file protein_27.cif (mmCIF, C-alpha atoms and all ligand atoms)
data_entry
loop_
_atom_site.label_atom_id
_atom_site.label_comp_id
_atom_site.auth_asym_id
_atom_site.auth_seq_id
_atom_site.Cartn_x
_atom_site.Cartn_y
_atom_site.Cartn_z
CA ARG A 1 87.82 80.15 127.74
CA LYS A 2 85.21 80.54 125.06
CA ARG A 3 86.50 80.92 121.53
CA VAL A 4 85.98 83.70 119.03
CA PHE A 5 86.48 83.34 115.28
CA SER A 6 86.30 85.94 112.54
CA GLY A 7 87.96 86.65 109.21
CA ILE A 8 88.27 89.05 106.32
CA ARG A 9 88.90 88.31 102.65
CA PRO A 10 92.28 89.48 101.33
CA THR A 11 90.64 91.40 98.51
CA GLY A 12 92.14 94.84 99.19
CA GLN A 13 92.94 97.22 102.00
CA ILE A 14 90.59 97.22 104.96
CA HIS A 15 88.28 100.17 105.20
CA LEU A 16 86.22 101.95 107.83
CA GLY A 17 83.37 99.44 107.41
CA ASN A 18 85.63 96.45 108.14
CA TYR A 19 87.18 98.28 111.06
CA LEU A 20 84.00 99.54 112.69
CA GLY A 21 81.90 96.49 111.84
CA ALA A 22 84.40 93.83 112.82
CA ILE A 23 88.00 94.58 113.79
CA LYS A 24 87.18 97.09 116.53
CA SER A 25 85.33 94.43 118.48
CA TRP A 26 87.97 91.80 117.65
CA ILE A 27 90.41 93.93 119.60
CA GLU A 28 88.10 94.35 122.58
CA LEU A 29 87.40 90.61 122.76
CA GLN A 30 91.06 89.61 123.03
CA ASP A 31 91.13 89.92 126.82
CA ARG A 32 88.15 87.74 127.56
CA TYR A 33 88.24 85.04 124.89
CA GLU A 34 90.61 82.84 122.97
CA CYS A 35 90.42 84.57 119.60
CA ILE A 36 91.27 83.23 116.17
CA TYR A 37 91.41 85.85 113.43
CA ALA A 38 91.82 84.61 109.89
CA ILE A 39 92.81 85.94 106.52
CA VAL A 40 90.32 83.96 104.48
CA ASP A 41 92.03 83.56 101.12
CA TYR A 42 89.86 80.64 100.03
CA HIS A 43 86.89 83.00 100.35
CA GLY A 44 88.88 85.55 98.36
CA MET A 45 88.89 83.11 95.44
CA THR A 46 85.10 83.17 95.09
CA THR A 47 85.11 86.48 93.23
CA PRO A 48 87.40 87.31 90.28
CA TYR A 49 90.97 87.86 91.49
CA ASP A 50 94.56 87.97 90.33
CA PRO A 51 96.72 85.15 91.77
CA ALA A 52 99.81 87.35 91.53
CA GLU A 53 98.16 89.85 93.88
CA MET A 54 96.86 87.34 96.39
CA ARG A 55 100.11 86.91 98.34
CA ALA A 56 100.63 90.65 98.56
CA ASN A 57 97.04 91.16 99.70
CA VAL A 58 97.46 88.53 102.43
CA ARG A 59 100.54 90.32 103.69
CA GLU A 60 98.81 93.72 103.59
CA LEU A 61 95.84 92.37 105.50
CA LEU A 62 98.09 90.88 108.15
CA ILE A 63 99.74 94.28 108.56
CA ASP A 64 96.29 95.90 108.78
CA TYR A 65 95.21 93.48 111.54
CA LEU A 66 98.36 94.11 113.57
CA ALA A 67 98.37 97.88 113.03
CA ALA A 68 94.73 98.07 114.08
CA GLY A 69 95.56 96.39 117.39
CA VAL A 70 95.17 92.63 116.97
CA ASP A 71 97.75 91.28 119.42
CA PRO A 72 99.48 88.04 118.34
CA GLU A 73 100.54 87.36 121.93
CA ARG A 74 96.90 86.94 122.86
CA SER A 75 95.17 86.05 119.60
CA ILE A 76 95.83 83.41 116.98
CA LEU A 77 96.38 84.82 113.50
CA ILE A 78 96.07 82.49 110.53
CA VAL A 79 95.84 82.27 106.77
CA GLN A 80 92.96 79.94 105.93
CA SER A 81 94.65 78.06 103.09
CA ALA A 82 97.57 77.02 105.34
CA LEU A 83 95.19 74.76 107.27
CA PRO A 84 93.68 72.04 105.06
CA GLU A 85 91.18 71.22 107.80
CA HIS A 86 89.04 74.21 106.73
CA THR A 87 88.27 72.73 103.31
CA GLU A 88 88.16 69.19 104.66
CA LEU A 89 85.44 70.10 107.14
CA ALA A 90 83.66 72.22 104.52
CA TRP A 91 83.36 69.15 102.31
CA ILE A 92 81.84 67.15 105.12
CA LEU A 93 79.40 69.91 106.10
CA GLY A 94 78.55 70.33 102.41
CA THR A 95 77.14 66.82 102.39
CA VAL A 96 74.51 67.79 104.96
CA THR A 97 73.60 71.18 103.47
CA PRO A 98 70.64 71.33 101.08
CA VAL A 99 71.40 73.41 97.98
CA SER A 100 68.13 75.31 98.53
CA TRP A 101 69.51 76.76 101.79
CA LEU A 102 72.49 78.17 99.91
CA GLU A 103 70.48 79.64 97.04
CA ARG A 104 68.55 81.69 99.62
CA VAL A 105 71.65 83.46 101.01
CA PRO A 106 71.43 87.19 100.14
CA THR A 107 75.18 87.66 99.53
CA TYR A 108 75.08 84.80 97.02
CA LYS A 109 72.28 86.49 95.11
CA GLU A 110 74.18 89.81 95.20
CA LYS A 111 77.39 88.29 93.89
CA VAL A 112 75.52 86.53 91.10
CA GLU A 113 74.18 89.92 90.04
CA GLN A 114 77.62 91.56 90.34
CA HIS A 115 79.46 88.87 88.36
CA PRO A 116 76.92 86.94 86.25
CA ASP A 117 79.75 85.24 84.35
CA TYR A 118 81.45 84.05 87.56
CA VAL A 119 78.81 81.86 89.16
CA HIS A 120 80.29 78.60 90.38
CA LEU A 121 80.06 75.95 93.05
CA GLY A 122 82.54 77.73 95.32
CA LEU A 123 80.42 80.86 95.34
CA LEU A 124 77.30 78.88 96.16
CA SER A 125 79.03 77.01 98.97
CA TYR A 126 80.65 80.13 100.46
CA GLY A 127 78.46 79.80 103.55
CA VAL A 128 79.42 76.15 104.05
CA LEU A 129 83.11 77.03 104.09
CA MET A 130 82.40 79.88 106.46
CA ALA A 131 80.50 77.54 108.78
CA ALA A 132 83.48 75.17 108.67
CA ASP A 133 85.92 78.02 109.47
CA ILE A 134 83.98 78.83 112.61
CA VAL A 135 83.07 75.40 113.96
CA LEU A 136 86.50 73.94 113.22
CA TYR A 137 87.62 75.91 116.28
CA LYS A 138 84.33 75.34 118.14
CA ALA A 139 83.98 79.10 118.24
CA GLU A 140 80.91 80.44 120.01
CA VAL A 141 81.21 84.13 119.22
CA VAL A 142 81.67 85.60 115.74
CA PRO A 143 82.16 89.38 115.64
CA VAL A 144 80.97 90.58 112.22
CA GLY A 145 79.06 93.33 110.45
CA GLU A 146 75.32 93.07 109.96
CA ASP A 147 75.69 91.77 106.39
CA GLN A 148 76.98 88.48 107.80
CA LEU A 149 73.89 87.60 109.87
CA PRO A 150 72.37 85.28 107.24
CA HIS A 151 75.69 83.38 107.07
CA LEU A 152 75.64 82.86 110.83
CA GLU A 153 72.05 81.66 110.72
CA LEU A 154 73.09 79.21 108.01
CA ALA A 155 76.05 78.02 110.11
CA ARG A 156 73.72 77.23 113.02
CA GLU A 157 71.33 75.35 110.75
CA ILE A 158 74.21 73.30 109.35
CA VAL A 159 75.47 72.48 112.85
CA ARG A 160 72.02 71.36 113.97
CA ARG A 161 71.57 69.19 110.91
CA PHE A 162 75.02 67.65 111.24
CA HIS A 163 74.39 66.78 114.88
CA HIS A 164 70.98 65.38 114.05
CA LEU A 165 72.18 63.22 111.16
CA PHE A 166 75.25 61.81 112.92
CA GLY A 167 73.78 61.63 116.40
CA VAL A 168 76.58 63.64 118.02
CA ARG A 169 77.06 67.04 119.70
CA ILE A 170 80.47 68.29 118.69
CA PHE A 171 80.00 71.97 117.91
CA PRO A 172 78.55 74.89 119.83
CA GLU A 173 76.01 76.90 117.81
CA PRO A 174 77.93 80.04 116.86
CA GLN A 175 76.39 83.43 117.62
CA ALA A 176 77.09 86.64 115.71
CA LEU A 177 78.28 89.60 117.72
CA VAL A 178 77.17 92.75 115.95
CA GLN A 179 78.11 96.22 117.22
CA GLU A 180 74.76 97.97 117.18
CA ASP A 181 75.97 101.46 116.27
CA THR A 182 78.57 100.48 113.67
CA ALA A 183 77.06 97.42 112.08
CA ARG A 184 76.69 99.04 108.68
CA ILE A 185 78.84 101.83 107.30
CA MET A 186 77.69 103.04 103.90
CA SER A 187 79.58 103.64 100.65
CA LEU A 188 80.72 107.21 99.95
CA THR A 189 79.72 107.00 96.29
CA GLU A 190 76.55 104.89 96.53
CA PRO A 191 75.32 105.58 100.06
CA GLU A 192 72.39 103.21 99.81
CA LYS A 193 74.87 100.32 99.62
CA LYS A 194 77.31 99.20 102.32
CA MET A 195 80.91 100.38 102.09
CA SER A 196 82.70 97.46 100.48
CA LYS A 197 86.00 96.66 98.83
CA SER A 198 84.14 95.49 95.75
CA LEU A 199 82.54 98.90 95.12
CA GLY A 200 85.98 100.33 94.33
CA PRO A 201 88.50 102.60 96.10
CA ARG A 202 86.49 105.83 95.69
CA SER A 203 83.61 104.36 97.68
CA LEU A 204 85.60 103.71 100.83
CA ILE A 205 88.16 105.13 103.21
CA ALA A 206 90.93 102.58 103.69
CA LEU A 207 92.56 102.74 107.10
CA ALA A 208 95.88 103.13 105.31
CA ASP A 209 94.79 105.97 103.00
CA PRO A 210 97.19 108.93 103.07
CA PRO A 211 95.69 112.18 104.44
CA GLU A 212 95.25 113.89 101.09
CA GLU A 213 93.35 110.89 99.75
CA ILE A 214 91.05 110.80 102.78
CA ARG A 215 90.31 114.48 102.28
CA ASP A 216 89.71 114.10 98.56
CA LYS A 217 87.31 111.16 98.96
CA ILE A 218 85.33 112.77 101.75
CA MET A 219 85.05 116.06 99.84
CA LYS A 220 83.67 114.13 96.84
CA ALA A 221 81.30 111.94 98.89
CA VAL A 222 77.72 111.90 97.62
CA THR A 223 75.31 114.06 99.64
CA ASP A 224 72.17 115.67 98.24
CA THR A 225 71.15 119.04 96.91
CA GLY A 226 70.23 120.42 100.29
CA PRO A 227 68.21 119.51 103.36
CA ALA A 228 64.88 118.47 101.93
CA GLY A 229 61.98 117.19 103.98
CA GLU A 230 62.19 115.32 107.25
CA GLU A 231 64.37 112.34 106.42
CA MET A 232 68.14 112.88 106.23
CA SER A 233 69.46 111.48 102.93
CA PRO A 234 71.62 108.32 103.23
CA GLY A 235 74.84 110.05 102.12
CA VAL A 236 74.53 112.86 104.66
CA ALA A 237 73.44 110.44 107.39
CA ASN A 238 76.54 108.35 106.74
CA LEU A 239 78.82 111.40 107.03
CA PHE A 240 77.16 112.41 110.31
CA HIS A 241 77.46 108.82 111.52
CA LEU A 242 81.20 108.86 110.83
CA LEU A 243 81.58 112.27 112.45
CA LYS A 244 79.88 110.96 115.56
CA LEU A 245 82.40 108.12 115.73
CA PHE A 246 85.56 110.08 114.87
CA GLY A 247 84.88 113.75 115.61
CA THR A 248 84.62 115.50 118.96
CA GLU A 249 81.26 115.84 120.70
CA GLU A 250 81.29 119.60 120.12
CA GLU A 251 81.96 119.21 116.39
CA TYR A 252 79.09 116.80 116.06
CA ALA A 253 76.66 118.84 118.16
CA GLN A 254 77.52 122.07 116.32
CA LEU A 255 77.09 120.67 112.80
CA ARG A 256 74.01 118.69 113.70
CA ALA A 257 72.40 121.85 115.09
CA GLU A 258 73.21 123.65 111.84
CA TYR A 259 71.64 120.81 109.89
CA ASP A 260 68.50 120.99 112.00
CA ALA A 261 68.35 124.75 111.51
CA GLY A 262 68.73 124.31 107.75
CA THR A 263 71.92 126.38 107.64
CA LEU A 264 74.50 123.64 107.25
CA ARG A 265 76.87 123.84 104.32
CA TYR A 266 77.94 120.30 103.47
CA VAL A 267 81.45 121.49 102.67
CA ASN A 268 81.91 122.32 106.37
CA LEU A 269 80.62 118.94 107.47
CA LYS A 270 83.05 117.29 105.04
CA ARG A 271 86.04 119.39 106.08
CA THR A 272 85.46 118.67 109.76
CA LEU A 273 84.99 114.96 109.10
CA ALA A 274 88.10 114.73 106.90
CA ASP A 275 90.19 116.42 109.62
CA ALA A 276 88.77 114.08 112.27
CA LEU A 277 89.50 110.98 110.20
CA ILE A 278 93.03 112.09 109.34
CA ARG A 279 93.69 112.77 113.03
CA SER A 280 92.21 109.45 114.21
CA LEU A 281 93.93 107.27 111.64
CA GLU A 282 97.39 108.78 112.15
CA PRO A 283 98.57 106.22 114.80
CA PHE A 284 97.39 103.38 112.55
CA ARG A 285 99.42 104.72 109.64
CA ARG A 286 102.49 105.04 111.84
CA ARG A 287 102.27 101.45 113.16
CA ARG A 288 101.63 100.24 109.64
CA ALA A 289 104.82 101.84 108.34
CA GLU A 290 106.83 100.16 111.12
CA LEU A 291 105.38 96.75 110.35
CA GLU A 292 106.07 97.15 106.63
CA ASN A 293 109.74 97.18 107.51
CA ASP A 294 109.71 94.01 109.58
CA PRO A 295 109.00 91.02 107.32
CA ALA A 296 110.70 88.61 109.73
CA TYR A 297 108.26 89.54 112.47
CA LEU A 298 105.24 89.12 110.16
CA GLU A 299 106.51 85.71 109.14
CA ARG A 300 106.92 84.68 112.78
CA VAL A 301 103.43 85.83 113.72
CA LEU A 302 101.84 83.73 111.01
CA ARG A 303 103.96 80.66 111.60
CA GLU A 304 103.13 80.71 115.30
CA GLY A 305 99.42 81.36 114.68
CA ILE A 306 99.14 78.49 112.21
CA ARG A 307 100.95 76.17 114.62
CA ARG A 308 98.54 76.96 117.46
CA ALA A 309 95.46 76.75 115.24
CA ARG A 310 96.54 73.39 113.83
CA VAL A 311 96.40 71.75 117.26
CA ILE A 312 92.74 72.76 117.69
CA ALA A 313 91.80 71.98 114.08
CA ARG A 314 93.27 68.45 114.16
CA GLN A 315 91.47 67.66 117.40
CA THR A 316 88.12 68.71 115.94
CA MET A 317 88.69 66.78 112.72
CA GLU A 318 89.41 63.65 114.70
CA GLU A 319 86.04 63.92 116.42
CA VAL A 320 84.25 64.74 113.17
CA LYS A 321 85.84 61.99 111.12
CA THR A 322 85.19 59.45 113.84
CA ALA A 323 81.52 60.49 113.96
CA CYS A 324 81.27 60.17 110.16
CA GLY A 325 83.09 56.84 109.90
CA LEU A 326 85.98 58.33 107.94
CA MET A 327 89.65 57.46 107.95
CA LEU A 328 91.97 59.37 110.27
CA ASP A 329 95.41 60.35 109.10
CA GLU A 330 97.73 59.04 111.78
P1 LIG B 401 84.24 92.42 99.62
O1 LIG B 401 83.64 93.60 98.91
O2 LIG B 401 85.50 91.90 99.00
O3 LIG B 401 83.24 91.35 99.98
P2 LIG B 401 84.01 93.73 102.15
O4 LIG B 401 84.62 95.06 102.24
O5 LIG B 401 82.54 93.65 101.99
O6 LIG B 401 84.75 92.98 101.00
P3 LIG B 401 84.42 91.39 103.80
O7 LIG B 401 85.78 90.82 103.73
O8 LIG B 401 83.31 90.74 103.07
O9 LIG B 401 84.48 92.95 103.42
O10 LIG B 401 83.97 91.52 105.33
C1 LIG B 401 84.86 91.57 106.42
C2 LIG B 401 84.13 91.99 107.68
O11 LIG B 401 83.82 93.38 107.63
C3 LIG B 401 82.81 91.28 107.91
O12 LIG B 401 82.66 91.01 109.28
C4 LIG B 401 81.78 92.28 107.47
O13 LIG B 401 80.55 92.11 108.12
C5 LIG B 401 82.44 93.59 107.86
N1 LIG B 401 82.00 94.68 106.99
C6 LIG B 401 82.24 94.80 105.67
N2 LIG B 401 81.72 95.93 105.18
C7 LIG B 401 81.09 96.56 106.22
C8 LIG B 401 80.37 97.79 106.36
N3 LIG B 401 80.18 98.59 105.32
N4 LIG B 401 79.89 98.11 107.58
C9 LIG B 401 80.10 97.31 108.65
N5 LIG B 401 80.78 96.13 108.58
C10 LIG B 401 81.28 95.75 107.40
#
call {"tool": "encode", "arguments": {"input": "protein_27.cif", "output": "structure tokens"}}
result
Amino acid sequence: RKRVFSGIRPTGQIHLGNYLGAIKSWIELQDRYECIYAIVDYHGMTTPYDPAEMRANVRELLIDYLAAGVDPERSILIVQSALPEHTELAWILGTVTPVSWLERVPTYKEKVEQHPDYVHLGLLSYGVLMAADIVLYKAEVVPVGEDQLPHLELAREIVRRFHHLFGVRIFPEPQALVQEDTARIMSLTEPEKKMSKSLGPRSLIALADPPEEIRDKIMKAVTDTGPAGEEMSPGVANLFHLLKLFGTEEEYAQLRAEYDAGTLRYVNLKRTLADALIRSLEPFRRRRAELENDPAYLERVLREGIRRARVIARQTMEEVKTACGLMLDE
């Protein structure tokens, strides 16, 4: 079976963007592929973070994955830093990656702007580590949001260059799998930017948010001062987009017709959307609460995932090290 790899940084609770852009398709892919879903804590270190919170964030993210429907019977769940092969391979791939390729990556430029005093080698080589994460498992399909497309392009370029320089063909060229209609969910507070953990808790709806918080954030979401001109403003478009995904068809059709007629009051759109979100996320919250109370199960899931992943990772590293003339650890 073909392999799938994807991961999320343990930098806070997962939100609607992570769910719609990535995790929703992770769940659908579990039947057809061998899937490896990672908590990428090494990537989490590339932006300012608190080491004391890291462990807790890893645990919360694991609970999020499971509550959302990632099934450890079918998929392999791992924490990146438990498998040294990720960084080992990243080093090797780093030696074939021109620095100019990395300086071109849009997320690198964004992060440099966000944290000008936190620009370091690890941030620059983010894409190399991500390429290593994927090809370590010879994954062919990478379900991600649209923002990750440049990283996937970079991963393919690195693979091609590695093969060319060492005269081997070890890795498939990984392809991004982007869900067309949910590739980019926007921030509630700055709707021209993507919803993102780094824009702060007011900008996003976390899957685990309690109902009153969901309502409060949606009611305060940025809209505009009224339907002006032809183009729907980004804030309003985002709310309609979410309503289409979580509301009923009638709710959407009704409010959309009001918008088109120029009679829509945004407060009604927001109330309907908040209700729809609270309704839809209820089962997730329930499963989450159950998992919170079962640390032994969480521990088992990770231990088993890491064990299964290690077999694949070691096999790949053997091929890679042999191709590069490096020493194998027997
Ligand atoms: P951070 O702000 O810490 O970078 P993030 O919320 O942007 O976090 P990531 O961990 O970088 O999330 O991304 C995890 C996955 O979720 C990736 O596949 C990414 O493409 C997807 N994703 C993140 N934000 C969105 C969004 N707003 N819309 C659609 N997909 C998204």
call {"tool": "closest_residue", "arguments": {"input": "protein_27.cif", "among": "A:Arg156, A:Arg215, A:His241, A:Arg59", "to": "ligand LIG 401 (chain B)", "atoms": "only C-alpha atoms and all ligand atoms"}}
result
A:His241
call {"tool": "closest_atom_pairs", "arguments": {"input": "protein_27.cif", "of": "chain A", "to": "ligand LIG 401 (chain B)", "cutoff": "8 Å", "atoms": "all atoms listed in the file", "output": "JSON lines"}}
result
{"residue": "A:Ser6", "atom": "CA", "partner": "B:LIG401", "partner_atom": "O12", "distance": 7.0}
{"residue": "A:Gly7", "atom": "CA", "partner": "B:LIG401", "partner_atom": "C1", "distance": 6.4}
{"residue": "A:Ile8", "atom": "CA", "partner": "B:LIG401", "partner_atom": "O7", "distance": 4.0}
{"residue": "A:Arg9", "atom": "CA", "partner": "B:LIG401", "partner_atom": "O7", "distance": 4.1}
{"residue": "A:Pro10", "atom": "CA", "partner": "B:LIG401", "partner_atom": "O7", "distance": 7.1}
{"residue": "A:Thr11", "atom": "CA", "partner": "B:LIG401", "partner_atom": "O2", "distance": 5.2}
{"residue": "A:Gly12", "atom": "CA", "partner": "B:LIG401", "partner_atom": "O2", "distance": 7.3}
{"residue": "A:Ile14", "atom": "CA", "partner": "B:LIG401", "partner_atom": "O4", "distance": 6.9}
{"residue": "A:His15", "atom": "CA", "partner": "B:LIG401", "partner_atom": "O4", "distance": 6.9}
{"residue": "A:Leu16", "atom": "CA", "partner": "B:LIG401", "partner_atom": "C8", "distance": 7.3}
{"residue": "A:Gly17", "atom": "CA", "partner": "B:LIG401", "partner_atom": "C8", "distance": 3.6}
{"residue": "A:Asn18", "atom": "CA", "partner": "B:LIG401", "partner_atom": "O11", "distance": 3.6}
{"residue": "A:Tyr19", "atom": "CA", "partner": "B:LIG401", "partner_atom": "O11", "distance": 6.9}
{"residue": "A:Leu20", "atom": "CA", "partner": "B:LIG401", "partner_atom": "C9", "distance": 6.0}
{"residue": "A:Gly21", "atom": "CA", "partner": "B:LIG401", "partner_atom": "N5", "distance": 3.5}
{"residue": "A:Ala22", "atom": "CA", "partner": "B:LIG401", "partner_atom": "O12", "distance": 4.8}
{"residue": "A:Ile23", "atom": "CA", "partner": "B:LIG401", "partner_atom": "O11", "distance": 7.5}
{"residue": "A:Gly44", "atom": "CA", "partner": "B:LIG401", "partner_atom": "O2", "distance": 7.2}
{"residue": "A:Thr47", "atom": "CA", "partner": "B:LIG401", "partner_atom": "O2", "distance": 7.9}
{"residue": "A:Pro143", "atom": "CA", "partner": "B:LIG401", "partner_atom": "O12", "distance": 6.6}
{"residue": "A:Val144", "atom": "CA", "partner": "B:LIG401", "partner_atom": "O12", "distance": 3.4}
{"residue": "A:Gly145", "atom": "CA", "partner": "B:LIG401", "partner_atom": "O13", "distance": 3.0}
{"residue": "A:Glu146", "atom": "CA", "partner": "B:LIG401", "partner_atom": "O13", "distance": 5.6}
{"residue": "A:Asp147", "atom": "CA", "partner": "B:LIG401", "partner_atom": "O13", "distance": 5.2}
{"residue": "A:Gln148", "atom": "CA", "partner": "B:LIG401", "partner_atom": "O13", "distance": 5.1}
{"residue": "A:Thr182", "atom": "CA", "partner": "B:LIG401", "partner_atom": "C9", "distance": 6.1}
{"residue": "A:Ala183", "atom": "CA", "partner": "B:LIG401", "partner_atom": "C9", "distance": 4.6}
{"residue": "A:Arg184", "atom": "CA", "partner": "B:LIG401", "partner_atom": "N4", "distance": 3.5}
{"residue": "A:Ile185", "atom": "CA", "partner": "B:LIG401", "partner_atom": "N4", "distance": 3.9}
{"residue": "A:Met186", "atom": "CA", "partner": "B:LIG401", "partner_atom": "N3", "distance": 5.3}
{"residue": "A:Ser187", "atom": "CA", "partner": "B:LIG401", "partner_atom": "N3", "distance": 6.9}
{"residue": "A:Lys193", "atom": "CA", "partner": "B:LIG401", "partner_atom": "N3", "distance": 8.0}
{"residue": "A:Lys194", "atom": "CA", "partner": "B:LIG401", "partner_atom": "N3", "distance": 4.2}
{"residue": "A:Met195", "atom": "CA", "partner": "B:LIG401", "partner_atom": "N3", "distance": 3.8}
{"residue": "A:Ser196", "atom": "CA", "partner": "B:LIG401", "partner_atom": "O4", "distance": 3.5}
{"residue": "A:Lys197", "atom": "CA", "partner": "B:LIG401", "partner_atom": "O1", "distance": 3.9}
{"residue": "A:Ser198", "atom": "CA", "partner": "B:LIG401", "partner_atom": "O1", "distance": 3.7}
{"residue": "A:Leu199", "atom": "CA", "partner": "B:LIG401", "partner_atom": "O1", "distance": 6.6}
call {"tool": "atom_distance", "arguments": {"input": "protein_27.cif", "atom1": "CA of Glu230 (chain A)", "atom2": "CA of Leu243 (chain A)"}}
result
20.3 Å
call {"tool": "atom_distance", "arguments": {"input": "protein_27.cif", "atom1": "CA of Thr95 (chain A)", "atom2": "CA of Phe162 (chain A)"}}
result
9.1 Å
call {"tool": "closest_residue", "arguments": {"input": "protein_27.cif", "among": "A:Glu88, A:Asp275, A:Glu157, A:Glu34", "to": "Val141 (chain A)", "atoms": "only C-alpha atoms"}}
result
A:Glu34
call {"tool": "decode", "arguments": {"input": "protein_27.cif", "residues": "region 144-160 of chain A", "atoms": "N, CA and C atoms", "output": "mmCIF file, in the first residue's frame"}}
result
data_model
loop_
_atom_site.group_PDB
_atom_site.id
_atom_site.type_symbol
_atom_site.label_atom_id
_atom_site.label_comp_id
_atom_site.auth_asym_id
_atom_site.auth_seq_id
_atom_site.Cartn_x
_atom_site.Cartn_y
_atom_site.Cartn_z
ATOM 1 N N VAL A 144 -2.261 18.181 3.202
ATOM 2 C CA VAL A 144 -1.937 19.433 3.906
ATOM 3 C C VAL A 144 -2.813 20.562 3.395
ATOM 4 N N GLY A 145 -2.785 21.674 4.104
ATOM 5 C CA GLY A 145 -3.434 22.903 3.632
ATOM 6 C C GLY A 145 -2.573 23.547 2.558
ATOM 7 N N GLU A 146 -3.200 24.492 1.861
ATOM 8 C CA GLU A 146 -2.570 25.147 0.713
ATOM 9 C C GLU A 146 -1.244 25.822 1.043
ATOM 10 N N ASP A 147 -1.124 26.322 2.290
ATOM 11 C CA ASP A 147 0.089 27.034 2.698
ATOM 12 C C ASP A 147 1.339 26.155 2.619
ATOM 13 N N GLN A 148 1.133 24.836 2.554
ATOM 14 C CA GLN A 148 2.280 23.927 2.565
ATOM 15 C C GLN A 148 2.790 23.576 1.160
ATOM 16 N N LEU A 149 2.129 24.067 0.115
ATOM 17 C CA LEU A 149 2.531 23.681 -1.244
ATOM 18 C C LEU A 149 3.996 24.000 -1.568
ATOM 19 N N PRO A 150 4.492 25.187 -1.193
ATOM 20 C CA PRO A 150 5.910 25.457 -1.476
ATOM 21 C C PRO A 150 6.855 24.466 -0.774
ATOM 22 N N HIS A 151 6.479 24.012 0.421
ATOM 23 C CA HIS A 151 7.317 23.021 1.112
ATOM 24 C C HIS A 151 7.341 21.696 0.363
ATOM 25 N N LEU A 152 6.223 21.321 -0.209
ATOM 26 C CA LEU A 152 6.171 20.062 -0.967
ATOM 27 C C LEU A 152 6.980 20.161 -2.260
ATOM 28 N N GLU A 153 6.908 21.313 -2.893
ATOM 29 C CA GLU A 153 7.700 21.554 -4.098
ATOM 30 C C GLU A 153 9.190 21.430 -3.756
ATOM 31 N N LEU A 154 9.554 22.034 -2.627
ATOM 32 C CA LEU A 154 10.943 21.967 -2.162
ATOM 33 C C LEU A 154 11.343 20.511 -1.895
ATOM 34 N N ALA A 155 10.462 19.754 -1.263
ATOM 35 C CA ALA A 155 10.777 18.350 -0.954
ATOM 36 C C ALA A 155 11.066 17.578 -2.247
ATOM 37 N N ARG A 156 10.260 17.821 -3.274
ATOM 38 C CA ARG A 156 10.496 17.114 -4.551
ATOM 39 C C ARG A 156 11.821 17.524 -5.169
ATOM 40 N N GLU A 157 12.146 18.806 -5.085
ATOM 41 C CA GLU A 157 13.424 19.270 -5.642
ATOM 42 C C GLU A 157 14.596 18.632 -4.905
ATOM 43 N N ILE A 158 14.470 18.518 -3.591
ATOM 44 C CA ILE A 158 15.543 17.917 -2.791
ATOM 45 C C ILE A 158 15.700 16.440 -3.163
ATOM 46 N N VAL A 159 14.580 15.741 -3.307
ATOM 47 C CA VAL A 159 14.633 14.324 -3.683
ATOM 48 C C VAL A 159 15.336 14.159 -5.029
ATOM 49 N N ARG A 160 14.940 14.985 -5.998
ATOM 50 C CA ARG A 160 15.541 14.875 -7.335
ATOM 51 C C ARG A 160 17.044 15.127 -7.269
#
